[in-house]
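input33.cif (mmCIF, C-alpha atoms)
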data_entry
#
loop_
_atom_site.label_atom_id
_atom_site.label_comp_id
_atom_site.auth_asym_id
_atom_site.auth_seq_id
_atom_site.Cartn_x
_atom_site.Cartn_y
_atom_site.Cartn_z
CA MET A 1 79.99 -38.95 148.30
CA ALA A 2 79.43 -35.50 149.75
CA SER A 3 78.22 -33.05 147.18
CA THR A 4 80.43 -30.07 146.47
CA ALA A 5 79.39 -26.80 144.86
CA HIS A 6 81.46 -25.76 141.85
CA ALA A 7 81.61 -22.45 140.04
CA PHE A 8 81.99 -22.43 136.27
CA ARG A 9 83.20 -19.16 134.84
CA LEU A 10 83.34 -17.98 131.24
CA SER A 11 85.48 -14.92 130.76
CA ALA A 12 86.20 -13.07 127.55
CA SER A 13 88.66 -10.34 126.68
CA PRO A 14 87.48 -7.01 125.26
CA LYS A 15 86.56 -7.04 121.59
CA PRO A 16 89.52 -6.72 119.21
CA SER A 17 89.95 -3.76 116.91
CA SER A 18 88.40 -3.94 113.45
CA ALA A 19 91.86 -4.46 111.93
CA ALA A 20 92.61 -7.32 114.28
CA ALA A 21 89.19 -8.83 113.65
CA ALA A 22 89.79 -8.78 109.91
CA ALA A 23 93.02 -10.72 110.33
CA ALA A 24 91.50 -13.28 112.69
CA PRO A 25 90.20 -16.73 111.69
CA ALA A 26 86.61 -16.81 110.48
CA ASP A 27 85.29 -18.21 113.76
CA ALA A 28 87.37 -16.01 116.05
CA PHE A 29 84.40 -13.88 117.08
CA LEU A 30 82.86 -17.00 118.61
CA ARG A 31 85.96 -17.84 120.63
CA PRO A 32 86.55 -16.27 124.05
CA GLU A 33 90.17 -15.54 124.87
CA THR A 34 89.94 -17.47 128.12
CA LEU A 35 87.56 -20.28 128.97
CA SER A 36 87.83 -21.53 132.53
CA PHE A 37 86.20 -24.46 134.27
CA CYS A 38 86.86 -23.70 137.90
CA SER A 39 86.22 -25.45 141.17
CA SER A 40 87.52 -24.86 144.64
CA THR A 41 90.31 -27.37 143.94
CA GLY A 42 91.39 -26.47 140.44
CA GLY A 43 90.07 -26.83 136.92
CA ALA A 44 90.68 -26.73 133.22
CA ARG A 45 91.71 -23.60 131.37
CA LEU A 46 91.55 -23.04 127.65
CA ARG A 47 93.86 -20.30 126.43
CA ARG A 48 94.00 -18.95 122.90
CA SER A 49 96.76 -16.82 121.48
CA GLY A 50 96.66 -15.98 117.81
CA GLY A 51 96.24 -19.22 115.86
CA ALA A 52 97.47 -21.36 118.72
CA CYS A 53 95.20 -22.99 121.23
CA SER A 54 96.41 -24.24 124.58
CA LEU A 55 94.25 -26.18 127.00
CA SER A 56 95.58 -26.98 130.45
CA VAL A 57 93.91 -29.62 132.59
CA THR A 58 94.95 -30.03 136.19
CA ALA A 59 94.65 -33.18 138.22
CA ALA A 60 93.09 -31.15 141.00
CA GLY A 61 90.48 -29.83 138.61
CA ALA A 62 89.68 -33.30 137.38
CA ALA A 63 89.23 -34.47 140.94
CA GLY A 64 86.99 -31.51 141.76
CA LEU A 65 84.51 -32.10 138.96
CA LYS A 66 81.34 -33.93 139.86
CA VAL A 67 80.44 -37.16 138.12
CA ARG A 68 76.99 -38.52 138.74
CA ALA A 69 77.14 -42.20 139.49
CA SER A 70 75.01 -44.65 141.39
CA SER A 71 75.25 -48.30 142.33
CA ALA A 72 74.64 -50.68 145.14
CA THR A 73 78.10 -49.70 146.40
CA PRO A 74 79.85 -46.28 146.53
CA VAL A 75 81.36 -45.13 143.25
CA MET A 76 84.99 -45.69 144.15
CA ASP A 77 84.38 -48.67 146.45
CA LYS A 78 86.56 -51.69 145.73
CA SER A 79 84.57 -54.10 147.90
CA LYS A 80 84.18 -57.76 147.05
CA SER A 81 81.46 -58.68 144.61
CA GLU A 82 78.56 -60.68 146.02
CA ALA A 83 77.18 -63.88 144.58
CA GLY A 84 73.96 -63.87 142.57
CA PRO A 85 72.29 -61.16 140.49
CA LYS A 86 73.47 -57.71 141.41
CA ALA A 87 72.37 -54.24 140.43
CA PRO A 88 74.82 -52.68 137.99
CA THR A 89 77.03 -49.76 138.73
CA ILE A 90 75.62 -46.79 136.80
CA VAL A 91 77.68 -43.87 135.55
CA ASP A 92 75.60 -41.10 133.97
CA VAL A 93 76.79 -39.07 131.00
CA ASP A 94 75.21 -35.70 131.76
CA LEU A 95 74.14 -34.02 128.51
CA GLY A 96 70.83 -32.47 129.52
CA ASP A 97 67.90 -34.05 127.70
CA ARG A 98 70.36 -36.34 125.86
CA SER A 99 71.88 -37.78 129.03
CA TYR A 100 72.23 -41.54 129.24
CA PRO A 101 73.42 -44.24 131.64
CA ILE A 102 76.43 -46.53 131.39
CA TYR A 103 75.55 -49.83 133.07
CA ILE A 104 78.59 -51.76 134.33
CA GLY A 105 78.55 -55.21 135.87
CA SER A 106 78.72 -58.97 135.55
CA GLY A 107 75.82 -60.86 133.97
CA LEU A 108 73.99 -57.79 132.70
CA LEU A 109 72.92 -59.55 129.49
CA ASP A 110 70.88 -61.82 131.79
CA GLN A 111 68.90 -58.79 133.00
CA PRO A 112 66.55 -58.06 130.04
CA GLU A 113 64.91 -55.04 131.63
CA LEU A 114 68.14 -53.04 131.32
CA LEU A 115 68.07 -53.18 127.53
CA GLN A 116 64.32 -53.20 127.04
CA ARG A 117 63.74 -49.92 128.87
CA HIS A 118 65.78 -48.18 126.15
CA VAL A 119 63.97 -49.68 123.14
CA HIS A 120 61.11 -47.34 122.31
CA GLY A 121 59.73 -48.86 119.10
CA LYS A 122 58.93 -52.41 118.01
CA ARG A 123 61.83 -53.00 115.63
CA VAL A 124 65.49 -53.60 116.49
CA LEU A 125 68.53 -54.12 114.26
CA VAL A 126 71.55 -55.72 115.92
CA VAL A 127 74.83 -54.86 114.17
CA THR A 128 77.65 -57.25 115.01
CA ASN A 129 80.55 -59.12 113.42
CA ASP A 130 81.41 -62.68 112.50
CA THR A 131 83.59 -63.13 115.60
CA VAL A 132 81.12 -61.89 118.21
CA ALA A 133 77.87 -63.14 116.64
CA PRO A 134 78.40 -66.87 117.29
CA ILE A 135 79.06 -66.15 120.97
CA TYR A 136 76.65 -63.39 121.99
CA LEU A 137 74.05 -62.68 119.28
CA ASP A 138 71.46 -65.18 120.55
CA LYS A 139 71.95 -63.98 124.10
CA VAL A 140 71.32 -60.35 123.10
CA VAL A 141 68.26 -61.24 121.00
CA ASP A 142 66.88 -63.12 124.00
CA ALA A 143 67.53 -60.13 126.28
CA LEU A 144 65.68 -57.86 123.85
CA THR A 145 62.64 -60.12 123.40
CA LYS A 146 62.21 -62.06 126.66
CA GLY A 147 58.75 -61.26 128.00
CA ASN A 148 58.49 -58.67 125.24
CA PRO A 149 56.78 -60.41 122.28
CA ASN A 150 55.92 -57.14 120.53
CA VAL A 151 59.57 -56.50 119.64
CA SER A 152 61.06 -58.11 116.53
CA VAL A 153 64.82 -58.26 116.02
CA ASP A 154 66.78 -58.33 112.75
CA HIS A 155 70.55 -58.56 112.56
CA VAL A 156 73.41 -57.89 110.20
CA ILE A 157 76.76 -59.63 110.61
CA LEU A 158 79.79 -57.73 109.27
CA PRO A 159 83.34 -58.98 108.72
CA ASP A 160 85.59 -58.45 111.73
CA GLY A 161 88.49 -55.99 111.69
CA GLU A 162 89.60 -52.38 111.36
CA LYS A 163 90.21 -52.83 107.62
CA TYR A 164 86.45 -53.23 107.15
CA LYS A 165 85.61 -49.94 108.85
CA ASP A 166 84.78 -48.32 105.53
CA MET A 167 81.93 -47.08 103.36
CA ASP A 168 81.41 -50.39 101.56
CA THR A 169 80.89 -52.28 104.81
CA LEU A 170 78.73 -49.49 106.24
CA MET A 171 76.39 -49.88 103.27
CA LYS A 172 75.62 -53.43 104.40
CA VAL A 173 73.97 -51.96 107.50
CA PHE A 174 71.85 -49.58 105.42
CA ASP A 175 70.98 -52.39 103.01
CA LYS A 176 69.66 -54.55 105.85
CA ALA A 177 67.75 -51.67 107.46
CA ILE A 178 66.04 -50.72 104.21
CA GLU A 179 65.30 -54.30 103.17
CA SER A 180 63.76 -54.88 106.62
CA ARG A 181 61.63 -51.74 106.19
CA LEU A 182 62.73 -50.26 109.48
CA ASP A 183 61.20 -46.92 110.42
CA ARG A 184 62.22 -43.95 112.54
CA ARG A 185 61.07 -45.64 115.77
CA CYS A 186 63.52 -48.50 115.33
CA THR A 187 66.60 -49.00 117.50
CA PHE A 188 70.04 -50.06 116.29
CA VAL A 189 72.15 -52.12 118.73
CA ALA A 190 75.95 -52.22 118.41
CA LEU A 191 77.24 -55.58 119.64
CA GLY A 192 81.03 -55.80 119.44
CA GLY A 193 84.18 -53.77 119.84
CA GLY A 194 85.14 -50.27 118.78
CA VAL A 195 84.80 -50.85 115.03
CA ILE A 196 81.23 -52.15 115.34
CA GLY A 197 80.30 -49.40 117.81
CA ASP A 198 81.64 -46.64 115.56
CA MET A 199 80.00 -48.02 112.42
CA CYS A 200 76.64 -48.84 114.01
CA GLY A 201 76.53 -45.41 115.64
CA TYR A 202 77.27 -43.67 112.35
CA ALA A 203 74.65 -45.77 110.59
CA ALA A 204 72.12 -44.81 113.29
CA ALA A 205 73.04 -41.14 112.94
CA SER A 206 72.50 -41.30 109.18
CA PHE A 207 69.60 -43.73 108.62
CA LEU A 208 66.38 -41.76 108.11
CA ARG A 209 68.42 -38.81 109.46
CA GLY A 210 68.75 -40.38 112.87
CA VAL A 211 67.37 -43.34 114.85
CA ASN A 212 68.01 -44.51 118.40
CA PHE A 213 70.92 -46.81 119.14
CA ILE A 214 72.39 -48.75 122.05
CA GLN A 215 76.00 -49.73 122.69
CA ILE A 216 76.89 -53.22 123.99
CA PRO A 217 80.72 -53.15 123.92
CA THR A 218 82.54 -56.50 124.19
CA THR A 219 86.22 -55.44 124.33
CA VAL A 220 88.25 -53.54 126.91
CA MET A 221 88.92 -50.82 124.33
CA SER A 222 85.24 -50.22 123.65
CA GLN A 223 84.17 -50.59 127.28
CA VAL A 224 86.63 -48.04 128.68
CA ASP A 225 86.58 -45.58 125.81
CA SER A 226 84.98 -45.80 122.36
CA SER A 227 81.42 -46.76 123.37
CA VAL A 228 81.09 -43.67 125.59
CA GLY A 229 80.71 -40.14 124.28
CA GLY A 230 79.01 -40.45 120.89
CA LYS A 231 81.95 -40.41 118.51
CA THR A 232 80.93 -42.47 115.49
CA GLY A 233 82.38 -42.92 112.02
CA ILE A 234 84.47 -44.77 109.48
CA ASN A 235 87.99 -44.56 108.11
CA HIS A 236 89.21 -43.09 104.82
CA HIS A 237 92.28 -44.50 103.14
CA LEU A 238 94.02 -41.16 103.75
CA GLY A 239 93.22 -41.01 107.46
CA LYS A 240 91.48 -42.67 110.39
CA ASN A 241 87.98 -41.64 111.52
CA LEU A 242 87.83 -38.70 109.11
CA ILE A 243 84.18 -39.40 108.19
CA GLY A 244 81.63 -39.51 111.01
CA ALA A 245 79.33 -37.72 113.42
CA PHE A 246 78.84 -36.97 117.09
CA TYR A 247 75.75 -39.04 117.96
CA GLN A 248 74.94 -40.21 121.47
CA PRO A 249 73.47 -43.64 122.33
CA GLN A 250 70.42 -44.28 124.50
CA CYS A 251 72.57 -46.28 126.87
CA VAL A 252 75.82 -48.23 127.12
CA LEU A 253 75.55 -51.71 128.61
CA ILE A 254 78.89 -53.16 129.72
CA ASP A 255 78.61 -56.81 130.70
CA THR A 256 82.09 -57.51 132.01
CA ASP A 257 81.55 -61.26 131.44
CA THR A 258 82.05 -60.64 127.71
CA LEU A 259 85.75 -60.11 128.43
CA ASN A 260 86.05 -63.82 129.28
CA THR A 261 86.17 -64.61 125.55
CA LEU A 262 88.46 -61.71 124.59
CA PRO A 263 91.89 -62.70 123.15
CA ASP A 264 94.92 -61.64 125.20
CA ARG A 265 96.15 -59.27 122.49
CA GLU A 266 92.79 -57.43 122.45
CA LEU A 267 92.79 -57.23 126.24
CA ALA A 268 96.23 -55.59 126.27
CA SER A 269 95.23 -53.20 123.49
CA GLY A 270 92.39 -51.79 125.57
CA LEU A 271 94.67 -51.15 128.53
CA ALA A 272 96.44 -48.41 126.56
CA GLU A 273 93.34 -46.24 126.93
CA VAL A 274 93.17 -47.04 130.65
CA VAL A 275 96.77 -45.84 131.09
CA LYS A 276 95.90 -42.68 129.14
CA TYR A 277 93.28 -41.55 131.67
CA GLY A 278 95.78 -41.74 134.49
CA LEU A 279 98.39 -39.73 132.61
CA ILE A 280 96.18 -36.86 131.47
CA ARG A 281 93.90 -36.27 134.45
CA ASP A 282 93.90 -38.92 137.19
CA ALA A 283 97.28 -39.46 138.86
CA GLU A 284 95.74 -41.57 141.63
CA PHE A 285 94.29 -43.94 139.01
CA PHE A 286 97.70 -44.22 137.31
CA GLU A 287 99.31 -45.12 140.63
CA TRP A 288 96.61 -47.76 141.16
CA GLN A 289 97.40 -49.18 137.71
CA GLU A 290 101.10 -49.43 138.55
CA LYS A 291 100.18 -51.64 141.51
CA ASN A 292 97.48 -53.65 139.71
CA MET A 293 98.61 -54.07 136.08
CA ASP A 294 99.52 -57.71 136.64
CA ALA A 295 96.01 -58.33 137.99
CA LEU A 296 94.49 -56.63 134.94
CA ILE A 297 96.56 -58.74 132.55
CA ALA A 298 95.56 -61.84 134.55
CA ARG A 299 91.88 -60.83 134.08
CA ASP A 300 91.14 -60.42 137.77
CA PRO A 301 87.39 -59.61 137.72
CA SER A 302 87.43 -57.00 140.47
CA ALA A 303 90.47 -55.23 139.01
CA LEU A 304 88.93 -55.12 135.53
CA ALA A 305 85.59 -53.89 136.89
CA TYR A 306 87.30 -51.10 138.80
CA ALA A 307 89.42 -50.05 135.82
CA ILE A 308 86.37 -49.96 133.55
CA LYS A 309 84.31 -47.97 136.05
CA ARG A 310 87.04 -45.42 136.78
CA SER A 311 87.75 -44.99 133.06
CA CYS A 312 84.06 -44.43 132.32
CA GLU A 313 83.82 -41.89 135.13
CA ASN A 314 86.72 -39.95 133.63
CA LYS A 315 85.28 -40.13 130.11
CA ALA A 316 81.79 -39.13 131.30
CA GLU A 317 83.13 -36.05 133.09
CA VAL A 318 84.97 -34.83 130.02
CA VAL A 319 82.14 -35.53 127.57
CA SER A 320 79.65 -33.77 129.84
CA LEU A 321 81.81 -30.63 129.71
CA ASP A 322 82.87 -30.75 126.04
CA GLU A 323 80.69 -33.05 123.93
CA LYS A 324 81.87 -31.83 120.50
CA GLU A 325 85.60 -31.68 121.30
CA SER A 326 86.07 -27.92 121.19
CA GLY A 327 88.99 -28.18 123.61
CA LEU A 328 88.87 -30.23 126.79
CA ARG A 329 87.73 -33.47 125.14
CA ALA A 330 90.69 -33.36 122.77
CA THR A 331 92.94 -34.21 125.72
CA LEU A 332 91.49 -37.75 125.62
CA ASN A 333 93.54 -38.20 122.44
CA LEU A 334 96.95 -38.41 124.14
CA GLY A 335 99.17 -40.43 121.79
CA HIS A 336 96.43 -40.74 119.18
CA THR A 337 97.93 -38.36 116.60
CA PHE A 338 101.10 -40.47 116.48
CA GLY A 339 99.06 -43.67 116.85
CA HIS A 340 96.65 -42.90 114.01
CA ALA A 341 99.62 -42.20 111.77
CA ILE A 342 100.93 -45.69 112.56
CA GLU A 343 97.56 -47.33 111.83
CA THR A 344 97.15 -45.44 108.55
CA GLY A 345 100.76 -45.85 107.46
CA LEU A 346 100.86 -49.60 108.13
CA GLY A 347 97.40 -50.32 106.80
CA TYR A 348 94.31 -50.58 108.98
CA GLY A 349 94.26 -53.70 111.12
CA GLN A 350 97.98 -54.50 111.01
CA TRP A 351 98.36 -53.08 114.50
CA LEU A 352 95.43 -52.92 116.90
CA HIS A 353 94.30 -49.41 117.84
CA GLY A 354 95.58 -49.69 121.41
CA GLU A 355 98.95 -50.97 120.25
CA ALA A 356 99.40 -47.94 118.01
CA VAL A 357 98.15 -45.61 120.76
CA ALA A 358 100.63 -47.12 123.25
CA ALA A 359 103.56 -46.37 120.93
CA GLY A 360 102.03 -42.93 120.32
CA ILE A 361 101.81 -42.23 124.05
CA VAL A 362 105.51 -43.03 124.45
CA MET A 363 106.32 -40.62 121.59
CA ALA A 364 104.12 -37.86 123.08
CA VAL A 365 105.75 -38.35 126.48
CA ASP A 366 109.20 -38.24 124.87
CA MET A 367 108.33 -34.97 123.15
CA SER A 368 106.95 -33.54 126.41
CA TYR A 369 110.26 -34.33 128.09
CA ARG A 370 112.29 -32.78 125.25
CA LEU A 371 110.26 -29.60 125.70
CA GLY A 372 111.21 -29.58 129.38
CA TRP A 373 107.59 -29.93 130.46
CA ILE A 374 107.82 -33.13 132.54
CA ASP A 375 110.26 -34.87 134.82
CA GLU A 376 112.30 -37.81 133.52
CA SER A 377 110.68 -40.07 136.11
CA ILE A 378 107.36 -39.84 134.23
CA VAL A 379 109.08 -41.01 131.04
CA THR A 380 110.44 -44.02 132.91
CA ARG A 381 107.12 -44.87 134.56
CA VAL A 382 105.20 -44.70 131.28
CA ASP A 383 107.67 -46.98 129.53
CA LYS A 384 107.53 -49.45 132.42
CA ILE A 385 103.74 -49.67 132.74
CA LEU A 386 103.17 -50.10 128.99
CA LYS A 387 105.74 -52.89 128.85
CA GLN A 388 104.07 -54.45 131.87
CA ALA A 389 100.80 -54.32 129.90
CA LYS A 390 102.54 -56.15 127.04
CA LEU A 391 102.16 -53.20 124.69
CA PRO A 392 104.68 -51.83 122.16
CA THR A 393 106.69 -48.78 123.20
CA CYS A 394 108.00 -47.76 119.78
CA PRO A 395 106.52 -47.63 116.27
CA PRO A 396 107.18 -50.36 113.70
CA GLU A 397 110.47 -50.15 111.81
CA THR A 398 108.68 -49.60 108.50
CA MET A 399 107.41 -46.17 109.59
CA THR A 400 109.40 -43.14 108.42
CA VAL A 401 109.46 -39.49 109.41
CA GLU A 402 107.77 -38.57 106.14
CA MET A 403 105.00 -41.15 106.70
CA PHE A 404 104.28 -39.66 110.11
CA LYS A 405 104.25 -36.07 108.86
CA SER A 406 102.05 -36.73 105.83
CA VAL A 407 99.34 -38.48 107.88
CA MET A 408 99.56 -36.07 110.80
CA ALA A 409 99.02 -33.16 108.38
CA VAL A 410 95.40 -34.28 107.86
CA ASP A 411 94.73 -35.10 111.52
CA LYS A 412 91.40 -33.85 112.88
CA LYS A 413 93.23 -31.69 115.44
CA VAL A 414 94.87 -29.54 112.75
CA ALA A 415 93.43 -26.01 112.89
CA ASP A 416 94.30 -23.29 110.36
CA GLY A 417 97.19 -25.44 109.15
CA LEU A 418 98.60 -25.82 112.68
CA LEU A 419 99.06 -29.30 114.16
CA ARG A 420 97.88 -29.26 117.76
CA LEU A 421 99.05 -32.04 120.04
CA ILE A 422 98.14 -33.39 123.46
CA LEU A 423 101.27 -33.34 125.59
CA LEU A 424 102.01 -33.81 129.28
CA LYS A 425 103.03 -30.75 131.26
CA GLY A 426 103.75 -30.50 134.97
CA PRO A 427 103.17 -33.20 137.59
CA LEU A 428 101.59 -36.54 136.71
CA GLY A 429 97.93 -36.11 135.74
CA ASN A 430 98.35 -32.82 133.89
CA CYS A 431 98.36 -32.16 130.15
CA VAL A 432 97.94 -29.46 127.51
CA PHE A 433 96.25 -29.39 124.12
CA SER A 434 98.32 -26.92 122.16
CA GLY A 435 99.87 -25.88 118.90
CA ASP A 436 102.26 -23.63 120.81
CA TYR A 437 105.38 -25.78 121.04
CA ASP A 438 108.89 -25.81 119.58
CA ARG A 439 108.72 -27.67 116.23
CA LYS A 440 112.29 -28.88 116.77
CA ALA A 441 111.07 -31.09 119.61
CA LEU A 442 108.59 -32.84 117.30
CA ASP A 443 111.29 -33.40 114.68
CA GLU A 444 113.70 -34.72 117.32
CA THR A 445 111.10 -37.16 118.66
CA LEU A 446 110.28 -38.47 115.18
CA ARG A 447 113.96 -38.94 114.32
CA ALA A 448 114.58 -40.69 117.66
CA PHE A 449 111.91 -43.30 117.00
CA VAL A 450 111.89 -43.88 113.24
CA LYS A 451 114.06 -43.81 110.13
CA SER A 452 114.52 -40.49 108.37
#

Show me, as structure tokens, the structure contained in the file I just sent.
Amino acid sequence: MASTAHAFRLSASPKPSSAAAAAAPADAFLRPETLSFCSSTGGARLRRSGGACSLSVTAAGAAGLKVRASSATPVMDKSKSEAGPKAPTIVDVDLGDRSYPIYIGSGLLDQPELLQRHVHGKRVLVVTNDTVAPIYLDKVVDALTKGNPNVSVDHVILPDGEKYKDMDTLMKVFDKAIESRLDRRCTFVALGGGVIGDMCGYAAASFLRGVNFIQIPTTVMSQVDSSVGGKTGINHHLGKNLIGAFYQPQCVLIDTDTLNTLPDRELASGLAEVVKYGLIRDAEFFEWQEKNMDALIARDPSALAYAIKRSCENKAEVVSLDEKESGLRATLNLGHTFGHAIETGLGYGQWLHGEAVAAGIVMAVDMSYRLGWIDESIVTRVDKILKQAKLPTCPPETMTVEMFKSVMAVDKKVADGLLRLILLKGPLGNCVFSGDYDRKALDETLRAFVKS
């Protein structure tokens, strides 16, 4: 890929008057009026007006941003895989001295050096669940210790499921770490899907005020989204992921062979996040998905590998620009505000995360159309591709308008009492993160999909 120079510009309006400053939110003096990420082809622009925040992301800008990736083949190459051991594709998450690689490929758990280079002490704690452990725990322990007799590995096996993503289950990780007398040079390894990754990461962020950890995601959902970017945490009965920390791993190792044992429902759930990337910032990727969704559902190895790689590239770009979700990164939550309300309202684990997000994406797209921000053809295409992925396109009948509103009121994207949403605006691949929208459109969308 030819390198391209990009200019990043931070511009701020003149200081407000003392009267205006007194009326502004407490952190207003830290917030520039306009924050622009510019390249020769476009960019992302964060606009603030009063209490509202609006972030526009253009497809051109997304394409113009540089993602550092390396592999035996070009980053976007779709060439046939070769037989035998192969060097992984590597996508780098660029965060300065906290940067880390995402390794993507088949058979990576059979390449011990990939994991071992990121274990700095002599003690490792593998955190996994009772579904994944019987299949992959021994393989991971072998990868950590093969030819490396100085490393000892403990493990803790948690119950499987979103309903166990809570403080009581998290304490089992701390119990094991303390009983094993692990020290600050130990490394935690998350082996499993999004729930295990989030909980292990939060435990690593908290134990002894922070120890190293590695992500080994085993589901589509965790491979394309949750294992990358350092979001860790647990649920509260009043809302999803309300307790947690931003804490980056040492590396993410994605062995695509682990998807061979993934149930069909879990596979489909992860594809909701893949669709999301195309809608918010990568129109070309969405068009590729429309042509290849049947191959993804059929578990075609090359199609899955490409979807994982392209998703990770998109996520890495965004995280590198906005690690702590001050604006741009929030756009990765398309459909999640509606989706989290479904998960919380139904009870954690009743619907898989991706199933709830899929229904949430349809609701966000519907609202975008009601606001006059997108063409009807996008509504039709979104509905079609999610159905093709065997995902729900409406919330469960038990959800009510009041259930949605009560959960959405405590969403992490609420600022100064204002619910900000990620909505599509303009051509495919463009979105906004904003609290500046007609509230009637939100009410109309909720009434169109659920009981009053």

Checklist entry - Exactly which residues make up the result of the PyMOL selection byres ((chain A and resi 399) around 8) on this file, given as a list in words? => result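 Selected by the PyMOL selection byres ((chain A and resi 399) around 8) here: Ile342, Gly345, Leu346, Pro395, Pro396, Glu397, Thr398, Thr400, Val401, Met403, Phe404, Val450 and Lys451 of chain A.
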
Item to check | Closest of A:His118, A:Lys440, A:Lys413, A:Lys291 to Pro249 (chain A) - atom-to-atom distances counting only C-alpha atoms | outcome: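 For Pro249 (chain A), the nearest of the candidates is A:His118.
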
Item to check | From A:Ala268, A:Leu95, A:Val140, A:Val407, residue lying nearest Lys324 (chain A) [all atoms listed in the file] | outcome: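 Distance minimum relative to Lys324 (chain A) lands on A:Leu95.
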
Excluding same-chain residues fewer than 2 positions from Cys251 (chain A), what lies within 12 Å of it counting all atoms listed in the file, as a CSV table (one decimal) with C-alpha atoms, in the coordinates of the input?
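File produced: part-v1.csv:
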chain,number,residue,atom,x,y,z
A,90,ILE,CA,75.6,-46.8,136.8
A,91,VAL,CA,77.7,-43.9,135.6
A,92,ASP,CA,75.6,-41.1,134.0
A,93,VAL,CA,76.8,-39.1,131.0
A,94,ASP,CA,75.2,-35.7,131.8
A,98,ARG,CA,70.4,-36.3,125.9
A,99,SER,CA,71.9,-37.8,129.0
A,100,TYR,CA,72.2,-41.5,129.2
A,101,PRO,CA,73.4,-44.2,131.6
A,102,ILE,CA,76.4,-46.5,131.4
A,103,TYR,CA,75.6,-49.8,133.1
A,104,ILE,CA,78.6,-51.8,134.3
A,114,LEU,CA,68.1,-53.0,131.3
A,115,LEU,CA,68.1,-53.2,127.5
A,116,GLN,CA,64.3,-53.2,127.0
A,117,ARG,CA,63.7,-49.9,128.9
A,118,HIS,CA,65.8,-48.2,126.2
A,119,VAL,CA,64.0,-49.7,123.1
A,187,THR,CA,66.6,-49.0,117.5
A,188,PHE,CA,70.0,-50.1,116.3
A,189,VAL,CA,72.2,-52.1,118.7
A,190,ALA,CA,76.0,-52.2,118.4
A,201,GLY,CA,76.5,-45.4,115.6
A,212,ASN,CA,68.0,-44.5,118.4
A,213,PHE,CA,70.9,-46.8,119.1
A,214,ILE,CA,72.4,-48.8,122.0
A,215,GLN,CA,76.0,-49.7,122.7
A,216,ILE,CA,76.9,-53.2,124.0
A,217,PRO,CA,80.7,-53.2,123.9
A,227,SER,CA,81.4,-46.8,123.4
A,228,VAL,CA,81.1,-43.7,125.6
A,229,GLY,CA,80.7,-40.1,124.3
A,230,GLY,CA,79.0,-40.4,120.9
A,247,TYR,CA,75.8,-39.0,118.0
A,248,GLN,CA,74.9,-40.2,121.5
A,249,PRO,CA,73.5,-43.6,122.3
A,253,LEU,CA,75.6,-51.7,128.6
A,254,ILE,CA,78.9,-53.2,129.7

Checklist entry - When you draw a straight line from CA of Gly192 (chain A) to CA of Val132 (chain A), how long is it in Å? => result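 Interatomic distance here is 6.2 Å.
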
Next on the checklist: Selection in question (the file shown): the PyMOL selection byres ((chain A and resi 431) around 7). Which residues does it include, as a list in words?
Outcome noted: Ser56, Val57, Ile280, Ile422, Leu423, Leu424, Lys425, Gly429, Asn430, Val432 and Phe433 of chain A

Next on the checklist: For the PyMOL selection byres ((chain A and resi 235) around 9), applied here, can you spell out every residue it catches as a PyMOL selection string?
Outcome noted: chain A and resi 162-167+233-234+236-244+348

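Here CA of Cys394 (chain A) and CA of Tyr437 (chain A) stand 22.2 Å from one another.
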
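The interatomic distance for the pair CA of Val318 (chain A) and CA of Asn260 (chain A) works out to 29.0 Å.
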
Item to check | Counting all atoms listed in the file, the option among A:Ala389, A:Val379, A:Leu428, A:Ile196 closest to Phe285 (chain A) | outcome: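 Distance minimum relative to Phe285 (chain A) lands on A:Leu428.
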
Checklist entry - Need the neighbours of (97.6, -33.1, 117.3): which residues are at most 6 Å away, counting all atoms listed in the file, as JSON, numbers by chain? => result {"A": [337, 413, 419, 420, 421]}

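The closest residue to Gly354 (chain A), picked from A:Glu266, A:Asp322, A:Asp282, A:Glu287 and counting all atoms listed in the file, is A:Glu266.
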
Residues at most 10 Å from Lys405 (chain A), counting only C-alpha atoms, excluding those fewer than 4 positions away in the same chain, as a compact mmCIF listing (two decimals) with C-alpha atoms, in the coordinates of the input?
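Saved result, selection36.txt, follows:
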# COMPACT_ATOMS: atom_id res chain seq x y z
CA PHE A 338 101.10 -40.47 116.48
CA ALA A 341 99.62 -42.20 111.77
CA THR A 400 109.40 -43.14 108.42
CA VAL A 401 109.46 -39.49 109.41
CA ALA A 409 99.02 -33.16 108.38
CA VAL A 410 95.40 -34.28 107.86
CA ASP A 411 94.73 -35.10 111.52
CA ASP A 443 111.29 -33.40 114.68
CA LEU A 446 110.28 -38.47 115.18

Item to check | Who sits within 12 Å of Thr145 (chain A), all atoms listed in the file, same chain under 4 positions skipped, as a list in words | outcome: Leu109, Asp110, Gln111, Pro112, Glu113, Leu114, Leu115, Gln116, Arg117, Val119, Lys122, Arg123, Val124, Asp138, Lys139, Val140, Val141, Pro149, Asn150, Val151, Ser152, Val153 and Asp154 of chain A

Checklist entry - Between A:Ser269, A:Ala133, A:Ile385, A:Leu418, which one has atoms that come closest to Met293 (chain A), using all atoms listed in the file? => result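 Checking each of A:Ser269, A:Ala133, A:Ile385, A:Leu418 against Met293 (chain A), counting all atoms listed in the file, the winner is A:Ile385.
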